[in-house]
Amino acid sequence: MKNVFQKIFLFSALISLALFSNSCKKTEATSSIIAKKAKVKELDYALFTAKGKLKIEQGDTKQRVIADVRMKKDSIIWLSMKSPTGIEGARLLATPDSVVMLDRLNNVFYAYTFPEISRILKFDLNLPMLQSIVVGNALVFDEGNAIVTKDDTHKILSQLVNNIKIESKISKSTSKLEEITVENFNNRNQLQVEYSNFKEINNRLIAHSANALFTFRDEAQIKSINFEVNYTRTGFDGEELNFPFKIPRKFKQAIIDVEKAQGRK
């Protein structure tokens with residue numbers, strides 16, 4: 001599992017650095033208007049839990065972990081990652097203010113506030129946005145233009161925010177988000193996420209599989225990272241959840257060099 005947790009933590013950072021060079025903000029009013037126009041059926045929840053398998057592929061490197069996710073809407077994301085043998089290698093806690101991750105394999109921790117992350121990424125990243133990606137809710141921005149078109153099976157919500165194109169495909173039959181593609185016209189870097197294997201849990205439909213492919217330019221080469229998630233169990237609004245998280249005394253704080261990780265000088 002060596003380095004897998006740094007890759008997971010870097011995932012959103014790499015995507016944002018490569019794709020989002022301008023600040024975009026999400027507002028409830030604009031999101032509601034556009035989502036209503038596209039007739040997107042968002043997952044409504046107070047508490048969310050999920051367990052499943054996560055596979056990460058980059059070049060010839062393949063790594064697999066068992067993921068345990070717990071969320072309280074607009075409040076907390078808690079994530080535990082274990083090896084297939086059950087040994088926990090990392091634990092992450094995200095709140096509206098910060099993201100902290102324990103790397104148990106190397107006895108270090110990473111800690112960033114969302115304002116720090118946003119300044120580094122040049123992108124207004126926040127907790128509700130991360131939670132939307134986890135449960136498959138649409139991302140809607142209040143800048144630029146937005147239109148809705150249709151094909152035989154989908155309603156297509158297209159948003160253009162400066163040099164960023166966001167295209168969301170919503171199933172006509174279920175009104176659920178099935179695919180989102182984000183592309184930067186300047187560097188042609190792209191993120192594509194596909195949601196599938198929808199199941200009804202407590203009268204709510206949610207994808208139990210997701211595949212995310214991030215393609216980016218590293219100098220003269222085109223590289224990609226693929227993330228495949230398969231939930232074996234999900235739940236909503238059950239009994240109150242616990243989010244145990246404590247930084248051990250022996251752990252030292254570490255810094256992720258995002259530019260080095262992406263091959264930038």
# chains A, B, ... in the order shown; residues from 1 in each chain; ligands from 1

$ residues_around --residues "A:Leu191" --least-positions-apart "4" --cutoff "6 Å" --atoms "only C-alpha atoms" --output "list in words"
Thr181, Val182, Leu213 and Phe214 of chain A

$ write_last_selection --atoms "N, CA and C atoms" --output "tab-separated table (two decimals), in the first residue's frame"
chain	number	residue	atom	x	y	z
A	181	THR	N	-17.95	15.21	-17.24
A	181	THR	CA	-16.65	15.43	-17.87
A	181	THR	C	-16.26	16.89	-17.68
A	182	VAL	N	-15.05	17.10	-17.19
A	182	VAL	CA	-14.53	18.45	-16.99
A	182	VAL	C	-13.26	18.58	-17.82
A	213	LEU	N	-11.44	8.81	-14.49
A	213	LEU	CA	-10.22	8.82	-15.28
A	213	LEU	C	-9.73	10.26	-15.41
A	214	PHE	N	-8.53	10.51	-14.90
A	214	PHE	CA	-7.93	11.84	-14.94
A	214	PHE	C	-6.77	11.79	-15.92

$ residues_around --residues "stretch 37-51 of chain A" --least-positions-apart "4" --cutoff "8 Å" --atoms "only C-alpha atoms" --output "number ranges by chain"
A: 33, 66-73, 135-138, 148, 155-157, 170, 174-177, 204-206, 231-238, 240-241

$ write_last_selection --atoms "N, CA and C atoms" --output "compact mmCIF listing (two decimals), in the first residue's frame"
# COMPACT_ATOMS: atom_id res chain seq x y z
N ILE A 33 -31.77 26.54 -9.54
CA ILE A 33 -32.42 26.93 -10.79
C ILE A 33 -31.96 26.05 -11.94
N ILE A 66 -9.39 -1.26 0.89
CA ILE A 66 -10.77 -1.33 1.38
C ILE A 66 -11.10 0.02 2.01
N ALA A 67 -12.18 0.63 1.56
CA ALA A 67 -12.54 1.96 2.04
C ALA A 67 -13.81 1.93 2.88
N ASP A 68 -13.77 2.68 3.97
CA ASP A 68 -14.93 2.85 4.86
C ASP A 68 -15.21 4.35 4.92
N VAL A 69 -16.38 4.77 4.42
CA VAL A 69 -16.72 6.19 4.34
C VAL A 69 -17.89 6.51 5.26
N ARG A 70 -17.77 7.61 6.00
CA ARG A 70 -18.88 8.11 6.83
C ARG A 70 -18.98 9.61 6.61
N MET A 71 -20.20 10.10 6.43
CA MET A 71 -20.38 11.53 6.19
C MET A 71 -21.60 12.07 6.94
N LYS A 72 -21.44 13.28 7.39
CA LYS A 72 -22.55 14.08 7.90
C LYS A 72 -22.64 15.29 6.99
N LYS A 73 -23.78 15.47 6.36
CA LYS A 73 -23.90 16.47 5.30
C LYS A 73 -23.49 17.85 5.78
N VAL A 135 -21.29 11.12 -3.43
CA VAL A 135 -22.63 10.54 -3.59
C VAL A 135 -23.19 10.69 -4.99
N GLY A 136 -22.45 11.35 -5.90
CA GLY A 136 -22.91 11.46 -7.29
C GLY A 136 -23.91 12.56 -7.54
N ASN A 137 -23.86 13.63 -6.75
CA ASN A 137 -24.70 14.79 -7.03
C ASN A 137 -24.00 15.71 -8.03
N ALA A 138 -24.78 16.49 -8.76
CA ALA A 138 -24.23 17.33 -9.81
C ALA A 138 -23.44 18.50 -9.23
N VAL A 148 -29.11 23.27 -21.48
CA VAL A 148 -29.54 21.88 -21.38
C VAL A 148 -29.98 21.40 -22.75
N LYS A 155 -30.33 13.77 -20.64
CA LYS A 155 -30.34 15.23 -20.66
C LYS A 155 -28.91 15.67 -20.40
N ILE A 156 -28.41 16.62 -21.14
CA ILE A 156 -27.01 17.01 -21.05
C ILE A 156 -26.91 18.45 -20.59
N LEU A 157 -26.36 18.65 -19.40
CA LEU A 157 -26.15 19.97 -18.83
C LEU A 157 -24.73 20.41 -19.15
N ILE A 170 -27.37 13.34 -17.56
CA ILE A 170 -28.38 12.91 -16.61
C ILE A 170 -29.33 11.93 -17.30
N THR A 174 -34.07 7.90 -14.99
CA THR A 174 -33.95 7.98 -13.53
C THR A 174 -33.70 9.40 -13.02
N SER A 175 -33.31 10.31 -13.92
CA SER A 175 -32.94 11.69 -13.55
C SER A 175 -31.71 11.74 -12.64
N LYS A 176 -30.89 10.69 -12.67
CA LYS A 176 -29.66 10.65 -11.88
C LYS A 176 -28.45 10.97 -12.77
N LEU A 177 -27.46 11.62 -12.16
CA LEU A 177 -26.21 11.90 -12.85
C LEU A 177 -25.48 10.59 -13.15
N ARG A 204 -34.13 5.68 -2.00
CA ARG A 204 -33.23 6.63 -2.67
C ARG A 204 -32.27 5.88 -3.56
N LEU A 205 -32.11 6.38 -4.78
CA LEU A 205 -31.28 5.72 -5.77
C LEU A 205 -29.86 6.27 -5.70
N ILE A 206 -28.87 5.36 -5.60
CA ILE A 206 -27.48 5.80 -5.54
C ILE A 206 -26.59 4.83 -6.31
N TYR A 231 -18.89 0.11 -4.17
CA TYR A 231 -19.45 0.00 -2.83
C TYR A 231 -20.12 -1.36 -2.67
N THR A 232 -19.84 -2.01 -1.55
CA THR A 232 -20.52 -3.26 -1.22
C THR A 232 -21.69 -3.01 -0.28
N ARG A 233 -21.67 -1.83 0.36
CA ARG A 233 -22.76 -1.50 1.29
C ARG A 233 -22.89 0.01 1.43
N THR A 234 -24.11 0.51 1.41
CA THR A 234 -24.36 1.93 1.65
C THR A 234 -25.55 2.07 2.59
N GLY A 235 -25.62 3.20 3.28
CA GLY A 235 -26.73 3.44 4.19
C GLY A 235 -26.96 4.92 4.39
N PHE A 236 -28.18 5.27 4.80
CA PHE A 236 -28.55 6.67 5.00
C PHE A 236 -29.29 6.85 6.31
N ASP A 237 -28.98 7.95 6.98
CA ASP A 237 -29.79 8.47 8.08
C ASP A 237 -30.15 7.41 9.11
N GLY A 238 -29.17 6.56 9.44
CA GLY A 238 -29.39 5.58 10.50
C GLY A 238 -29.06 6.20 11.84
N GLU A 240 -26.82 7.69 14.94
CA GLU A 240 -25.75 8.70 14.91
C GLU A 240 -24.39 8.03 14.71
N LEU A 241 -23.57 8.63 13.86
CA LEU A 241 -22.27 8.06 13.51
C LEU A 241 -21.16 8.57 14.42

$ select_by_dssp --residues "stretch 26-113 of chain A" --states "alpha helix (DSSP H)" --output "ChimeraX atom specification"
/A:28-38

$ write_last_selection --atoms "N, CA and C atoms" --output "short mmCIF file (atom, residue, chain, number, x, y, z; two decimals), in the first residue's frame"
data_model
loop_
_atom_site.label_atom_id
_atom_site.label_comp_id
_atom_site.auth_asym_id
_atom_site.auth_seq_id
_atom_site.Cartn_x
_atom_site.Cartn_y
_atom_site.Cartn_z
N GLU A 28 -26.39 28.09 -3.71
CA GLU A 28 -27.60 27.29 -3.64
C GLU A 28 -28.66 27.78 -4.62
N ALA A 29 -28.81 29.10 -4.76
CA ALA A 29 -29.85 29.65 -5.64
C ALA A 29 -29.61 29.24 -7.09
N THR A 30 -28.40 29.51 -7.58
CA THR A 30 -28.09 29.18 -8.96
C THR A 30 -28.15 27.67 -9.18
N SER A 31 -27.60 26.90 -8.24
CA SER A 31 -27.62 25.45 -8.37
C SER A 31 -29.05 24.94 -8.48
N SER A 32 -29.93 25.50 -7.67
CA SER A 32 -31.32 25.06 -7.65
C SER A 32 -32.00 25.35 -8.98
N ILE A 33 -31.77 26.54 -9.54
CA ILE A 33 -32.42 26.93 -10.79
C ILE A 33 -31.96 26.05 -11.94
N ILE A 34 -30.65 25.86 -12.07
CA ILE A 34 -30.11 25.07 -13.18
C ILE A 34 -30.44 23.60 -13.00
N ALA A 35 -30.33 23.09 -11.78
CA ALA A 35 -30.64 21.69 -11.52
C ALA A 35 -32.11 21.41 -11.84
N LYS A 36 -32.98 22.37 -11.54
CA LYS A 36 -34.41 22.21 -11.84
C LYS A 36 -34.63 22.17 -13.34
N LYS A 37 -33.89 23.01 -14.07
CA LYS A 37 -34.00 23.04 -15.53
C LYS A 37 -33.57 21.71 -16.13
N ALA A 38 -32.51 21.11 -15.57
CA ALA A 38 -32.02 19.83 -16.07
C ALA A 38 -32.75 18.65 -15.45
#

$ select_by_dssp --residues "stretch 47-251 of chain A" --states "strand (DSSP E)" --output "ChimeraX atom specification"
/A:47-58,61-72,76-82,88-94,98-103,108-113,145-150,154-161,164-171,177-184,190-201,204-218,221-236

$ atom_distance --atom1 "atom CA of A:Ser196" --atom2 "atom CA of A:Thr153"
14.5 Å

$ closest_residue --among "A:Ile225, A:Ala212, A:Leu93, A:Ile255" --to "A:Lys62" --atoms "only C-alpha atoms"
A:Ile225

$ atom_distance --atom1 "atom CA of A:Leu160" --atom2 "atom CA of A:Glu178"
19.3 Å

$ atom_distance --atom1 "atom CA of A:Lys250" --atom2 "atom CA of A:Ser75"
28.1 Å

$ decode --residues "stretch 207-255 of chain A" --atoms "C-alpha atoms" --output "PDB file, in the first residue's frame"
ATOM      1  CA  ALA A 207     -24.628   4.567  -7.707  1.00  0.00           C
ATOM      2  CA  HIS A 208     -22.648   1.726  -6.149  1.00  0.00           C
ATOM      3  CA  SER A 209     -19.853   1.928  -8.728  1.00  0.00           C
ATOM      4  CA  ALA A 210     -17.844   4.861 -10.047  1.00  0.00           C
ATOM      5  CA  ASN A 211     -14.916   5.111 -12.411  1.00  0.00           C
ATOM      6  CA  ALA A 212     -12.824   8.291 -12.577  1.00  0.00           C
ATOM      7  CA  LEU A 213     -10.216   8.825 -15.284  1.00  0.00           C
ATOM      8  CA  PHE A 214      -7.931  11.835 -14.945  1.00  0.00           C
ATOM      9  CA  THR A 215      -5.819  12.604 -18.031  1.00  0.00           C
ATOM     10  CA  PHE A 216      -3.158  15.306 -17.837  1.00  0.00           C
ATOM     11  CA  ARG A 217      -0.132  16.582 -19.725  1.00  0.00           C
ATOM     12  CA  ASP A 218       3.239  16.156 -18.008  1.00  0.00           C
ATOM     13  CA  GLU A 219       5.762  18.024 -20.168  1.00  0.00           C
ATOM     14  CA  ALA A 220       5.610  16.207 -23.546  1.00  0.00           C
ATOM     15  CA  GLN A 221       3.770  13.146 -22.237  1.00  0.00           C
ATOM     16  CA  ILE A 222       0.116  12.349 -21.696  1.00  0.00           C
ATOM     17  CA  LYS A 223      -0.454  10.563 -18.389  1.00  0.00           C
ATOM     18  CA  SER A 224      -3.511   9.240 -16.620  1.00  0.00           C
ATOM     19  CA  ILE A 225      -4.692   8.063 -13.219  1.00  0.00           C
ATOM     20  CA  ASN A 226      -7.708   5.791 -12.970  1.00  0.00           C
ATOM     21  CA  PHE A 227      -9.805   5.349  -9.812  1.00  0.00           C
ATOM     22  CA  GLU A 228     -12.411   2.583  -9.602  1.00  0.00           C
ATOM     23  CA  VAL A 229     -14.771   2.446  -6.629  1.00  0.00           C
ATOM     24  CA  ASN A 230     -17.246  -0.338  -5.899  1.00  0.00           C
ATOM     25  CA  TYR A 231     -19.452   0.000  -2.832  1.00  0.00           C
ATOM     26  CA  THR A 232     -20.515  -3.261  -1.223  1.00  0.00           C
ATOM     27  CA  ARG A 233     -22.763  -1.500   1.286  1.00  0.00           C
ATOM     28  CA  THR A 234     -24.359   1.934   1.654  1.00  0.00           C
ATOM     29  CA  GLY A 235     -26.730   3.442   4.187  1.00  0.00           C
ATOM     30  CA  PHE A 236     -28.552   6.670   5.000  1.00  0.00           C
ATOM     31  CA  ASP A 237     -29.787   8.467   8.077  1.00  0.00           C
ATOM     32  CA  GLY A 238     -29.393   5.582  10.499  1.00  0.00           C
ATOM     33  CA  GLU A 239     -28.179   5.897  14.054  1.00  0.00           C
ATOM     34  CA  GLU A 240     -25.752   8.695  14.912  1.00  0.00           C
ATOM     35  CA  LEU A 241     -22.274   8.059  13.510  1.00  0.00           C
ATOM     36  CA  ASN A 242     -18.902   8.188  15.231  1.00  0.00           C
ATOM     37  CA  PHE A 243     -15.909   9.837  13.563  1.00  0.00           C
ATOM     38  CA  PRO A 244     -12.908   8.710  15.664  1.00  0.00           C
ATOM     39  CA  PHE A 245      -9.777  10.676  14.811  1.00  0.00           C
ATOM     40  CA  LYS A 246      -6.665  11.434  16.835  1.00  0.00           C
ATOM     41  CA  ILE A 247      -3.140  12.330  15.754  1.00  0.00           C
ATOM     42  CA  PRO A 248      -0.660  10.087  17.647  1.00  0.00           C
ATOM     43  CA  ARG A 249       2.132  11.896  19.486  1.00  0.00           C
ATOM     44  CA  LYS A 250       4.865  10.156  17.515  1.00  0.00           C
ATOM     45  CA  PHE A 251       3.456  11.332  14.176  1.00  0.00           C
ATOM     46  CA  LYS A 252       5.236  14.227  12.462  1.00  0.00           C
ATOM     47  CA  GLN A 253       3.597  16.685  10.129  1.00  0.00           C
ATOM     48  CA  ALA A 254       4.555  16.288   6.468  1.00  0.00           C
ATOM     49  CA  ILE A 255       4.001  18.426   3.386  1.00  0.00           C
TER      50      ILE A 255
END
